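J.: What follows is final_24.tsv, TSV, C-alpha atoms.
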chain	number	residue	atom	x	y	z
A	1	MET	CA	29.71	23.41	-33.95
A	2	GLU	CA	33.16	24.96	-34.27
A	3	ASN	CA	35.24	23.33	-37.02
A	4	LEU	CA	38.84	23.51	-35.88
A	5	LEU	CA	40.22	21.67	-38.91
A	6	LYS	CA	38.98	24.58	-41.02
A	7	ASP	CA	40.59	27.07	-38.65
A	8	TYR	CA	43.87	25.25	-38.17
A	9	GLN	CA	44.22	23.73	-41.65
A	10	ILE	CA	46.73	20.97	-42.34
A	11	ALA	CA	49.89	22.98	-42.97
A	12	HIS	CA	51.90	19.99	-44.03
A	13	ILE	CA	52.05	16.24	-44.15
A	14	GLY	CA	55.26	14.91	-42.67
A	15	ILE	CA	57.13	11.91	-44.00
A	16	VAL	CA	60.08	10.36	-42.22
A	17	VAL	CA	62.81	9.08	-44.51
A	18	GLU	CA	66.30	7.62	-44.47
A	19	ASN	CA	67.73	10.20	-46.84
A	20	ARG	CA	66.41	13.74	-47.15
A	21	GLU	CA	68.07	14.59	-50.45
A	22	LYS	CA	66.93	11.36	-52.08
A	23	ALA	CA	63.35	11.90	-50.88
A	24	MET	CA	63.38	15.52	-52.06
A	25	ALA	CA	64.64	14.44	-55.47
A	26	ARG	CA	61.90	11.85	-55.71
A	27	LEU	CA	59.15	14.23	-54.63
A	28	SER	CA	60.47	16.86	-57.02
A	29	GLU	CA	60.27	14.28	-59.79
A	30	LEU	CA	56.71	13.24	-58.90
A	31	TYR	CA	55.30	16.70	-58.23
A	32	ASP	CA	57.65	18.94	-60.15
A	33	ILE	CA	58.52	20.79	-56.95
A	34	GLN	CA	61.18	23.36	-57.84
A	35	GLU	CA	62.13	24.69	-54.46
A	36	TRP	CA	62.52	23.46	-50.92
A	37	GLN	CA	63.03	25.19	-47.61
A	38	MET	CA	65.94	23.45	-45.89
A	39	VAL	CA	66.07	23.32	-42.11
A	40	GLU	CA	68.86	21.86	-40.01
A	41	TRP	CA	66.61	21.42	-37.01
A	42	ARG	CA	68.52	21.39	-33.74
A	43	PRO	CA	65.97	22.37	-31.11
A	44	SER	CA	67.22	23.74	-27.81
A	45	LYS	CA	64.71	21.54	-26.00
A	46	TYR	CA	63.63	18.05	-27.03
A	47	VAL	CA	61.63	16.05	-24.51
A	48	TYR	CA	60.30	12.76	-25.89
A	49	ARG	CA	57.98	10.69	-23.73
A	50	GLY	CA	59.19	12.53	-20.65
A	51	GLN	CA	62.89	12.07	-21.34
A	52	GLU	CA	65.13	14.97	-22.32
A	53	TYR	CA	67.44	14.33	-25.28
A	54	LYS	CA	70.67	16.25	-25.69
A	55	ASP	CA	71.80	17.70	-29.02
A	56	PRO	CA	68.83	16.52	-31.09
A	57	TYR	CA	69.17	16.92	-34.83
A	58	VAL	CA	66.73	16.29	-37.66
A	59	LYS	CA	67.41	17.25	-41.27
A	60	ILE	CA	64.22	18.73	-42.67
A	61	ALA	CA	63.00	19.99	-46.03
A	62	ILE	CA	59.61	21.60	-46.67
A	63	SER	CA	58.17	22.04	-50.13
A	64	LEU	CA	57.70	25.54	-51.50
A	65	PRO	CA	55.79	27.71	-52.24
A	66	ASN	CA	54.06	28.19	-48.94
A	67	THR	CA	50.53	27.54	-50.17
A	68	GLY	CA	48.05	24.81	-49.36
A	69	THR	CA	49.11	21.64	-47.62
A	70	ARG	CA	52.83	21.13	-48.15
A	71	ILE	CA	55.11	18.13	-47.82
A	72	GLU	CA	57.70	17.97	-45.05
A	73	VAL	CA	60.56	15.50	-45.28
A	74	LEU	CA	62.35	14.56	-42.04
A	75	GLU	CA	65.60	12.64	-41.81
A	76	PRO	CA	66.45	11.98	-38.16
A	77	GLN	CA	70.12	12.08	-37.21
A	78	THR	CA	69.81	11.42	-33.49
A	79	PRO	CA	67.55	9.28	-31.27
A	80	GLY	CA	64.02	10.50	-30.61
A	81	LEU	CA	60.50	10.26	-31.96
A	82	GLN	CA	61.43	10.59	-35.61
A	83	MET	CA	64.14	7.94	-35.30
A	84	ASP	CA	61.71	5.55	-33.61
A	85	VAL	CA	59.23	6.11	-36.43
A	86	LEU	CA	61.91	5.47	-39.02
A	87	LYS	CA	63.02	2.25	-37.36
A	88	GLY	CA	59.52	0.97	-36.66
A	89	GLY	CA	57.57	1.84	-39.75
A	90	THR	CA	56.93	0.27	-43.11
A	91	GLN	CA	55.22	3.41	-44.38
A	92	THR	CA	56.76	6.84	-44.24
A	93	ILE	CA	53.80	9.20	-43.80
A	94	ASN	CA	54.12	10.12	-40.18
A	95	HIS	CA	52.05	13.10	-39.11
A	96	ILE	CA	49.88	16.04	-40.01
A	97	CYS	CA	50.81	19.50	-38.75
A	98	HIS	CA	48.80	22.51	-37.68
A	99	VAL	CA	50.56	25.87	-37.43
A	100	VAL	CA	48.83	27.99	-34.82
A	101	ARG	CA	49.16	31.38	-33.20
A	102	ASP	CA	47.63	30.51	-29.83
A	103	PHE	CA	49.80	27.48	-29.18
A	104	ASP	CA	48.81	26.85	-25.55
A	105	LYS	CA	45.10	26.95	-26.32
A	106	ALA	CA	45.44	24.66	-29.33
A	107	LEU	CA	47.62	22.16	-27.50
A	108	GLN	CA	45.25	22.09	-24.53
A	109	GLY	CA	42.37	21.38	-26.91
A	110	PHE	CA	44.11	18.27	-28.19
A	111	LEU	CA	44.99	17.13	-24.67
A	112	ASP	CA	41.43	17.73	-23.46
A	113	ALA	CA	40.23	15.54	-26.32
A	114	GLY	CA	42.33	12.69	-24.96
A	115	CYS	CA	45.47	12.98	-27.07
A	116	GLU	CA	48.76	12.14	-25.39
A	117	LEU	CA	51.63	14.63	-25.37
A	118	VAL	CA	54.66	12.68	-26.62
A	119	LEU	CA	57.15	15.30	-27.81
A	120	GLU	CA	57.89	18.83	-26.62
A	121	THR	CA	60.40	21.00	-28.44
A	122	GLU	CA	61.59	24.58	-28.47
A	123	TYR	CA	63.62	26.27	-31.13
A	124	THR	CA	64.98	29.78	-31.56
A	125	ASP	CA	66.86	31.51	-34.33
A	126	GLU	CA	67.75	35.11	-35.09
A	127	ILE	CA	65.67	35.30	-38.23
A	128	ARG	CA	62.28	33.96	-37.12
A	129	GLY	CA	62.55	33.98	-33.37
A	130	PHE	CA	61.18	31.54	-30.81
A	131	ARG	CA	58.64	28.78	-31.41
A	132	ARG	CA	57.47	25.57	-29.83
A	133	CYS	CA	56.54	22.50	-31.74
A	134	HIS	CA	54.91	19.58	-29.93
A	135	TYR	CA	53.59	16.22	-31.08
A	136	VAL	CA	50.52	14.57	-29.64
A	137	TYR	CA	49.51	10.97	-30.25
A	138	ASP	CA	45.93	9.97	-30.77
A	139	LYS	CA	45.03	6.38	-29.97
A	140	ALA	CA	41.81	6.16	-32.04
A	141	LEU	CA	43.64	7.45	-35.11
A	142	ASN	CA	46.85	5.65	-34.20
A	143	SER	CA	48.76	8.67	-35.38
A	144	TYR	CA	50.72	11.78	-34.48
A	145	ILE	CA	49.53	15.36	-34.83
A	146	GLU	CA	52.11	18.14	-34.74
A	147	ILE	CA	51.17	21.50	-33.31
A	148	ALA	CA	53.65	24.18	-34.36
A	149	GLU	CA	53.68	27.71	-33.05
A	150	ILE	CA	53.99	30.71	-35.33
A	151	PRO	CA	57.45	32.10	-34.45
A	152	TYR	CA	57.81	35.32	-32.52
A	153	PHE	CA	60.50	37.31	-30.75
A	154	ARG	CA	60.80	37.46	-26.99
A	155	ASN	CA	62.36	39.89	-24.58
A	156	GLU	CA	65.03	38.89	-22.05
A	157	LYS	CA	62.35	37.69	-19.62
A	158	GLY	CA	60.82	35.45	-22.22
A	159	ALA	CA	57.71	37.57	-22.86
A	160	ARG	CA	56.39	37.98	-26.39
A	161	LEU	CA	57.52	41.22	-28.03
B	1	MET	CA	53.50	25.72	-60.95
B	2	SER	CA	54.16	22.40	-59.28
B	3	LEU	CA	51.74	19.49	-59.50
B	4	LEU	CA	51.12	19.83	-55.77
B	5	GLU	CA	49.77	23.33	-56.41
B	6	GLN	CA	47.70	22.16	-59.39
B	7	ILE	CA	46.14	19.22	-57.61
B	8	PRO	CA	46.44	19.87	-53.85
B	9	PHE	CA	45.90	17.13	-51.31
B	10	GLN	CA	42.20	16.51	-50.89
B	11	HIS	CA	42.56	14.35	-47.81
B	12	ALA	CA	44.86	12.29	-45.65
B	13	GLY	CA	43.53	8.76	-45.35
B	14	TYR	CA	43.72	6.98	-41.99
B	15	LEU	CA	43.38	3.24	-41.43
B	16	VAL	CA	41.72	2.54	-38.10
B	17	ALA	CA	40.45	-0.35	-36.03
B	18	ASN	CA	37.06	1.23	-35.40
B	19	ARG	CA	35.49	3.74	-37.77
B	20	GLU	CA	32.87	5.03	-35.35
B	21	ALA	CA	35.40	5.52	-32.55
B	22	ALA	CA	37.72	7.43	-34.90
B	23	CYS	CA	34.88	9.69	-36.04
B	24	ARG	CA	33.84	10.37	-32.45
B	25	GLN	CA	37.44	11.25	-31.65
B	26	LEU	CA	37.70	13.61	-34.63
B	27	GLU	CA	34.53	15.30	-33.43
B	28	LYS	CA	36.12	15.75	-30.01
B	29	ILE	CA	39.38	17.06	-31.48
B	30	TYR	CA	38.18	19.22	-34.36
B	31	GLY	CA	34.42	19.45	-34.04
B	32	LEU	CA	33.96	17.43	-37.23
B	33	ASP	CA	30.39	16.21	-36.84
B	34	GLN	CA	29.00	15.73	-40.33
B	35	TRP	CA	30.39	12.33	-41.21
B	36	THR	CA	28.87	10.24	-43.95
B	37	MET	CA	29.34	6.53	-43.42
B	38	VAL	CA	30.17	4.67	-46.61
B	39	GLU	CA	30.02	0.90	-46.88
B	40	TYR	CA	32.59	0.80	-49.64
B	41	LYS	CA	32.01	-2.33	-51.70
B	42	PRO	CA	33.31	-1.47	-55.15
B	43	LEU	CA	31.78	-2.95	-58.29
B	44	LYS	CA	35.22	-3.98	-59.37
B	45	ALA	CA	38.51	-4.05	-57.52
B	46	THR	CA	42.06	-5.12	-58.25
B	47	CYS	CA	44.71	-5.66	-55.61
B	48	TYR	CA	48.36	-5.85	-56.60
B	49	GLY	CA	47.24	-6.26	-60.22
B	50	LYS	CA	44.83	-9.13	-59.62
B	51	PRO	CA	41.01	-9.00	-59.62
B	52	PHE	CA	39.58	-9.12	-56.10
B	53	ASP	CA	35.98	-10.15	-55.38
B	54	GLY	CA	34.17	-9.04	-52.26
B	55	TYR	CA	36.35	-6.05	-51.40
B	56	TYR	CA	34.93	-4.18	-48.43
B	57	VAL	CA	36.07	-1.29	-46.30
B	58	LYS	CA	33.99	0.84	-43.96
B	59	ALA	CA	34.79	4.45	-44.76
B	60	ALA	CA	33.77	7.78	-43.27
B	61	VAL	CA	33.99	10.98	-45.24
B	62	HIS	CA	33.37	14.52	-44.10
B	63	PRO	CA	32.24	17.47	-46.25
B	64	PRO	CA	35.14	19.66	-47.42
B	65	VAL	CA	36.60	21.87	-44.73
B	66	GLY	CA	38.29	24.30	-47.08
B	67	GLY	CA	41.60	22.55	-47.46
B	68	CYS	CA	43.04	19.12	-46.95
B	69	GLY	CA	40.57	16.95	-45.04
B	70	ILE	CA	40.61	13.59	-43.29
B	71	GLU	CA	39.18	10.26	-44.47
B	72	ILE	CA	38.66	7.31	-42.16
B	73	ILE	CA	38.88	3.73	-43.40
B	74	GLN	CA	38.27	0.58	-41.39
B	75	PRO	CA	39.35	-2.44	-43.43
B	76	VAL	CA	36.87	-5.31	-43.31
B	77	SER	CA	37.79	-7.75	-46.08
B	78	GLU	CA	41.28	-8.95	-46.85
B	79	GLY	CA	43.20	-6.87	-49.39
B	80	MET	CA	45.51	-3.90	-49.65
B	81	HIS	CA	43.94	-1.82	-46.88
B	82	MET	CA	43.97	-4.74	-44.46
B	83	ASP	CA	47.58	-5.53	-45.36
B	84	PHE	CA	48.72	-2.00	-44.53
B	85	PHE	CA	46.57	-1.91	-41.40
B	86	ARG	CA	48.13	-5.10	-40.07
B	87	ARG	CA	51.74	-4.32	-40.78
B	88	ASP	CA	52.00	-0.58	-40.37
B	89	PRO	CA	52.31	0.92	-36.92
B	90	ASN	CA	51.20	4.35	-38.11
B	91	GLY	CA	47.56	5.18	-38.87
B	92	ILE	CA	48.08	7.56	-41.80
B	93	ASN	CA	48.01	5.42	-44.91
B	94	HIS	CA	47.86	7.75	-47.88
B	95	VAL	CA	47.38	11.20	-49.26
B	96	CYS	CA	44.73	11.72	-51.91
B	97	HIS	CA	44.33	13.92	-54.94
B	98	THR	CA	40.83	14.22	-56.37
B	99	VAL	CA	41.08	14.81	-60.10
B	100	LYS	CA	38.89	15.14	-63.16
B	101	ASP	CA	41.41	13.51	-65.49
B	102	TYR	CA	41.96	10.36	-63.46
B	103	GLU	CA	43.86	8.35	-66.05
B	104	LYS	CA	46.31	11.15	-66.81
B	105	TYR	CA	47.42	11.74	-63.25
B	106	LEU	CA	47.52	8.11	-62.21
B	107	GLN	CA	49.56	7.24	-65.30
B	108	LEU	CA	51.93	10.11	-64.56
B	109	PHE	CA	52.87	8.50	-61.24
B	110	LEU	CA	53.01	4.99	-62.72
B	111	ASP	CA	55.29	6.20	-65.51
B	112	LYS	CA	57.64	7.52	-62.84
B	113	GLY	CA	57.98	4.15	-61.18
B	114	CYS	CA	55.07	3.97	-58.75
B	115	GLU	CA	53.23	0.65	-58.51
B	116	LEU	CA	49.46	0.34	-58.85
B	117	ILE	CA	48.59	-1.63	-55.73
B	118	PHE	CA	44.83	-1.06	-55.71
B	119	GLU	CA	42.21	0.14	-58.14
B	120	ALA	CA	38.45	0.18	-57.81
B	121	GLU	CA	35.31	1.32	-59.59
B	122	MET	CA	32.16	2.52	-57.86
B	123	GLU	CA	28.81	3.65	-59.21
B	124	ASP	CA	25.61	4.75	-57.56
B	125	GLU	CA	22.54	6.76	-58.48
B	126	ILE	CA	23.46	9.69	-56.27
B	127	ARG	CA	27.05	10.44	-57.26
B	128	GLY	CA	27.47	8.42	-60.45
B	129	TYR	CA	30.59	6.61	-61.56
B	130	ARG	CA	34.12	7.07	-60.22
B	131	ARG	CA	37.40	5.24	-59.98
B	132	CYS	CA	40.19	5.38	-57.49
B	133	GLY	CA	43.73	4.12	-57.78
B	134	TYR	CA	46.47	3.76	-55.18
B	135	ALA	CA	50.01	4.30	-56.44
B	136	TYR	CA	52.74	3.07	-54.10
B	137	ASP	CA	56.13	4.66	-54.41
B	138	PRO	CA	58.84	2.17	-53.41
B	139	ILE	CA	61.44	4.91	-53.01
B	140	LEU	CA	59.43	7.01	-50.57
B	141	ARG	CA	57.46	4.01	-49.26
B	142	THR	CA	54.38	6.18	-49.52
B	143	VAL	CA	50.91	5.65	-50.98
B	144	PHE	CA	49.31	8.26	-53.24
B	145	GLU	CA	45.62	7.93	-54.03
B	146	PHE	CA	44.03	9.38	-57.13
B	147	ALA	CA	40.26	9.65	-56.89
B	148	GLU	CA	38.16	10.50	-59.91
B	149	VAL	CA	35.57	13.25	-59.68
B	150	PRO	CA	32.26	11.33	-59.95
B	151	HIS	CA	30.32	11.63	-63.17
B	152	PHE	CA	27.29	10.09	-64.83
B	153	ARG	CA	27.63	7.82	-67.86
B	154	ASN	CA	25.30	6.87	-70.65
B	155	LYS	CA	24.42	3.23	-71.39
B	156	LYS	CA	27.48	2.78	-73.58
In structure tokens, what does this structure look like?

T.:
Amino acid sequence: MENLLKDYQIAHIGIVVENREKAMARLSELYDIQEWQMVEWRPSKYVYRGQEYKDPYVKIAISLPNTGTRIEVLEPQTPGLQMDVLKGGTQTINHICHVVRDFDKALQGFLDAGCELVLETEYTDEIRGFRRCHYVYDKALNSYIEIAEIPYFRNEKGARL
Amino acid sequence: MSLLEQIPFQHAGYLVANREAACRQLEKIYGLDQWTMVEYKPLKATCYGKPFDGYYVKAAVHPPVGGCGIEIIQPVSEGMHMDFFRRDPNGINHVCHTVKDYEKYLQLFLDKGCELIFEAEMEDEIRGYRRCGYAYDPILRTVFEFAEVPHFRNKK
């Protein structure tokens, strides 16, 4: 049988925190992580449980180098999924993430398996281009799985270049 | 080289209400269909620093997938796993590093302020002896497991 966990890999484990810099400092102390990739994540689209949120903002840091399963730290600044997790949780590990090329196929696979689509986002920048990043919730695992698209550039009609 | 590169995550550990249902779901999602069911009743267990008799969790482990894997745990007895399961709304409980030098790595995290909330010893004729320790970091509010690579011991 096809083993999708082997194909997709767990790109990172996401933890939601109250203070990004404090969490980075702590993780650097524990793991001797020297470098982080900082992202001021302000997606152009953020639809959480069917409701569109305006001006979403999450402060993110991802451990470097880009090898193996990394750690992602998320500090929500505005209402949304990450803020709900922060307010509701006693534990900070929040999700696992798969970075995929064929985003639609991968997402459909999770939905066909019974996962619930809870967050849809889109993000574009001039350096890496366009990408979608959605969260599904799985009831049996009681947990979120992030599916992130490998960024690409699009033409004016939105087609992949 | 960071410690995360030296000892990458071996698995993410999930606490679930029903082990079999979680495994069936992971088969549907990922095609993971080679689960080994483990009735985890350690020879010796300590919870929050105190000895704990009769510790029992139902676990499911899958052969390595070539990277970080997934472990399923259904708490049965009272104890640390049941405590997290009851109070935490999120299923992912910990990340695990499997290491040869168990004491060194666990102590490293404890020396940096993590708290040893669970430790257990297991031994069987197939895999031998191994320990596992859960270090809770109060700053990150995250649990890190260190699992010892199983080995066989002589009578001493």

J.: What does the distance from CA of Ile70 in chain B to CA of Asn90 in chain B come to in Å, to one decimal?

T.: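 Value for the CA of Ile70 in chain B-CA of Asn90 in chain B distance: 15.0 Å.
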
J.: I'd like a table as a Markdown table: residues in chain B with an atom no more than 9 Å from chain A, each row giving the shortest atom pair and its distance in Å to one decimal, all atoms listed in the file counted, sorted by chain and rising residue number.

T.:
| residue | atom | partner | partner_atom | distance |
| --- | --- | --- | --- | --- |
| B:Met1 | CA | A:Asp32 | CA | 8.0 |
| B:Ser2 | CA | A:Asp32 | CA | 5.0 |
| B:Leu3 | CA | A:Tyr31 | CA | 4.7 |
| B:Leu4 | CA | A:Tyr31 | CA | 5.8 |
| B:Glu5 | CA | A:Gly68 | CA | 7.4 |
| B:Pro8 | CA | A:Gly68 | CA | 6.9 |
| B:Phe9 | CA | A:Thr69 | CA | 6.7 |
| B:Ala12 | CA | A:Ile13 | CA | 8.3 |
| B:Tyr14 | CA | A:Leu141 | CA | 6.9 |
| B:Leu15 | CA | A:Leu141 | CA | 7.6 |
| B:Val16 | CA | A:Leu141 | CA | 6.1 |
| B:Ala17 | CA | A:Ala140 | CA | 7.8 |
| B:Asn18 | CA | A:Ala140 | CA | 7.6 |
| B:Arg19 | CA | A:Ala140 | CA | 8.9 |
| B:Ala21 | CA | A:Ala140 | CA | 6.5 |
| B:Ala22 | CA | A:Ala140 | CA | 5.1 |
| B:Cys23 | CA | A:Ala140 | CA | 8.7 |
| B:Gln25 | CA | A:Ala140 | CA | 6.7 |
| B:Leu26 | CA | A:Leu141 | CA | 8.6 |
| B:Glu27 | CA | A:Asn3 | CA | 8.8 |
| B:Lys28 | CA | A:Ala113 | CA | 5.5 |
| B:Ile29 | CA | A:Ala113 | CA | 5.4 |
| B:Tyr30 | CA | A:Leu4 | CA | 4.6 |
| B:Gly31 | CA | A:Asn3 | CA | 5.0 |
| B:Leu32 | CA | A:Asn3 | CA | 6.0 |
| B:Asp33 | CA | A:Met1 | CA | 7.8 |
| B:Pro64 | CA | A:Lys6 | CA | 8.9 |
| B:Val65 | CA | A:Lys6 | CA | 5.2 |
| B:Gly66 | CA | A:Lys6 | CA | 6.1 |
| B:Gly67 | CA | A:Gln9 | CA | 6.5 |
| B:Cys68 | CA | A:Ile10 | CA | 6.2 |
| B:Gly69 | CA | A:Leu5 | CA | 7.7 |
| B:Ile72 | CA | A:Leu141 | CA | 8.6 |
| B:Phe84 | CA | A:Gln91 | CA | 8.5 |
| B:Arg87 | CA | A:Thr90 | CA | 7.3 |
| B:Asp88 | CA | A:Thr90 | CA | 5.7 |
| B:Pro89 | CA | A:Gly89 | CA | 6.0 |
| B:Asn90 | CA | A:Ser143 | CA | 5.7 |
| B:Gly91 | CA | A:Asn142 | CA | 4.7 |
| B:Ile92 | CA | A:Ile93 | CA | 6.3 |
| B:Asn93 | CA | A:Ile93 | CA | 7.0 |
| B:His94 | CA | A:Ile93 | CA | 7.4 |
| B:Val95 | CA | A:Ile13 | CA | 8.6 |
| B:Leu108 | CA | A:Leu30 | CA | 8.0 |
| B:Phe109 | CA | A:Leu30 | CA | 6.5 |
| B:Lys112 | CA | A:Leu30 | CA | 7.0 |
| B:Ile139 | CA | A:Arg26 | CA | 7.5 |
| B:Leu140 | CA | A:Ala23 | CA | 6.3 |
| B:Arg141 | CA | A:Gln91 | CA | 5.4 |
| B:Thr142 | CA | A:Thr92 | CA | 5.8 |
| B:Val143 | CA | A:Gln91 | CA | 8.2 |

J.: What is the CA of His151 in chain B-CA of Tyr56 in chain B distance in Å, reported with one decimal?

T.: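 Those two atoms sit 22.1 Å apart.
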
J.: If I take CA of Tyr40 in chain B and CA of Met122 in chain B, how far is one from the other in Å, to one decimal?

T.: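 Atom-to-atom, CA of Tyr40 in chain B to CA of Met122 in chain B, that is 8.4 Å.
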
J.: My list of candidates is B:Ile7, B:Val76, B:Ala120, B:Leu110. Which is closest to Phe52 in chain B when distances are computed with all atoms listed in the file?

T.: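 Smallest distance to Phe52 in chain B is found for B:Ala120.
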
J.: Rebuild range 109-120 of chain A to N, CA, C and O atoms - output it as a compact mmCIF listing (two decimals), in the coordinates of the input, please.

T.:
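Result file follows (rebuild.txt):
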# COMPACT_ATOMS: atom_id res chain seq x y z
N GLY A 109 43.53 21.97 -26.25
CA GLY A 109 42.37 21.38 -26.91
C GLY A 109 42.60 19.93 -27.29
O GLY A 109 41.73 19.07 -27.10
N PHE A 110 43.79 19.65 -27.81
CA PHE A 110 44.11 18.27 -28.19
C PHE A 110 44.23 17.38 -26.94
O PHE A 110 43.76 16.25 -26.94
N LEU A 111 44.84 17.92 -25.90
CA LEU A 111 44.99 17.13 -24.67
C LEU A 111 43.63 16.88 -24.02
O LEU A 111 43.35 15.77 -23.55
N ASP A 112 42.77 17.90 -24.03
CA ASP A 112 41.43 17.73 -23.46
C ASP A 112 40.62 16.68 -24.21
O ASP A 112 39.72 16.05 -23.65
N ALA A 113 40.94 16.53 -25.51
CA ALA A 113 40.23 15.54 -26.32
C ALA A 113 40.80 14.13 -26.12
O ALA A 113 40.34 13.17 -26.74
N GLY A 114 41.80 14.02 -25.28
CA GLY A 114 42.33 12.69 -24.96
C GLY A 114 43.62 12.33 -25.65
O GLY A 114 44.12 11.21 -25.49
N CYS A 115 44.19 13.26 -26.42
CA CYS A 115 45.47 12.98 -27.07
C CYS A 115 46.58 12.98 -26.02
O CYS A 115 46.48 13.66 -24.99
N GLU A 116 47.64 12.27 -26.32
CA GLU A 116 48.76 12.14 -25.39
C GLU A 116 49.93 12.99 -25.88
O GLU A 116 50.31 12.91 -27.06
N LEU A 117 50.48 13.80 -24.99
CA LEU A 117 51.63 14.63 -25.37
C LEU A 117 52.89 13.75 -25.38
O LEU A 117 53.27 13.21 -24.34
N VAL A 118 53.51 13.58 -26.55
CA VAL A 118 54.66 12.68 -26.62
C VAL A 118 55.97 13.41 -26.89
O VAL A 118 57.04 12.91 -26.57
N LEU A 119 55.91 14.58 -27.50
CA LEU A 119 57.15 15.30 -27.81
C LEU A 119 56.97 16.79 -27.59
O LEU A 119 56.01 17.38 -28.09
N GLU A 120 57.90 17.38 -26.85
CA GLU A 120 57.89 18.83 -26.62
C GLU A 120 59.21 19.40 -27.10
O GLU A 120 60.27 18.92 -26.69
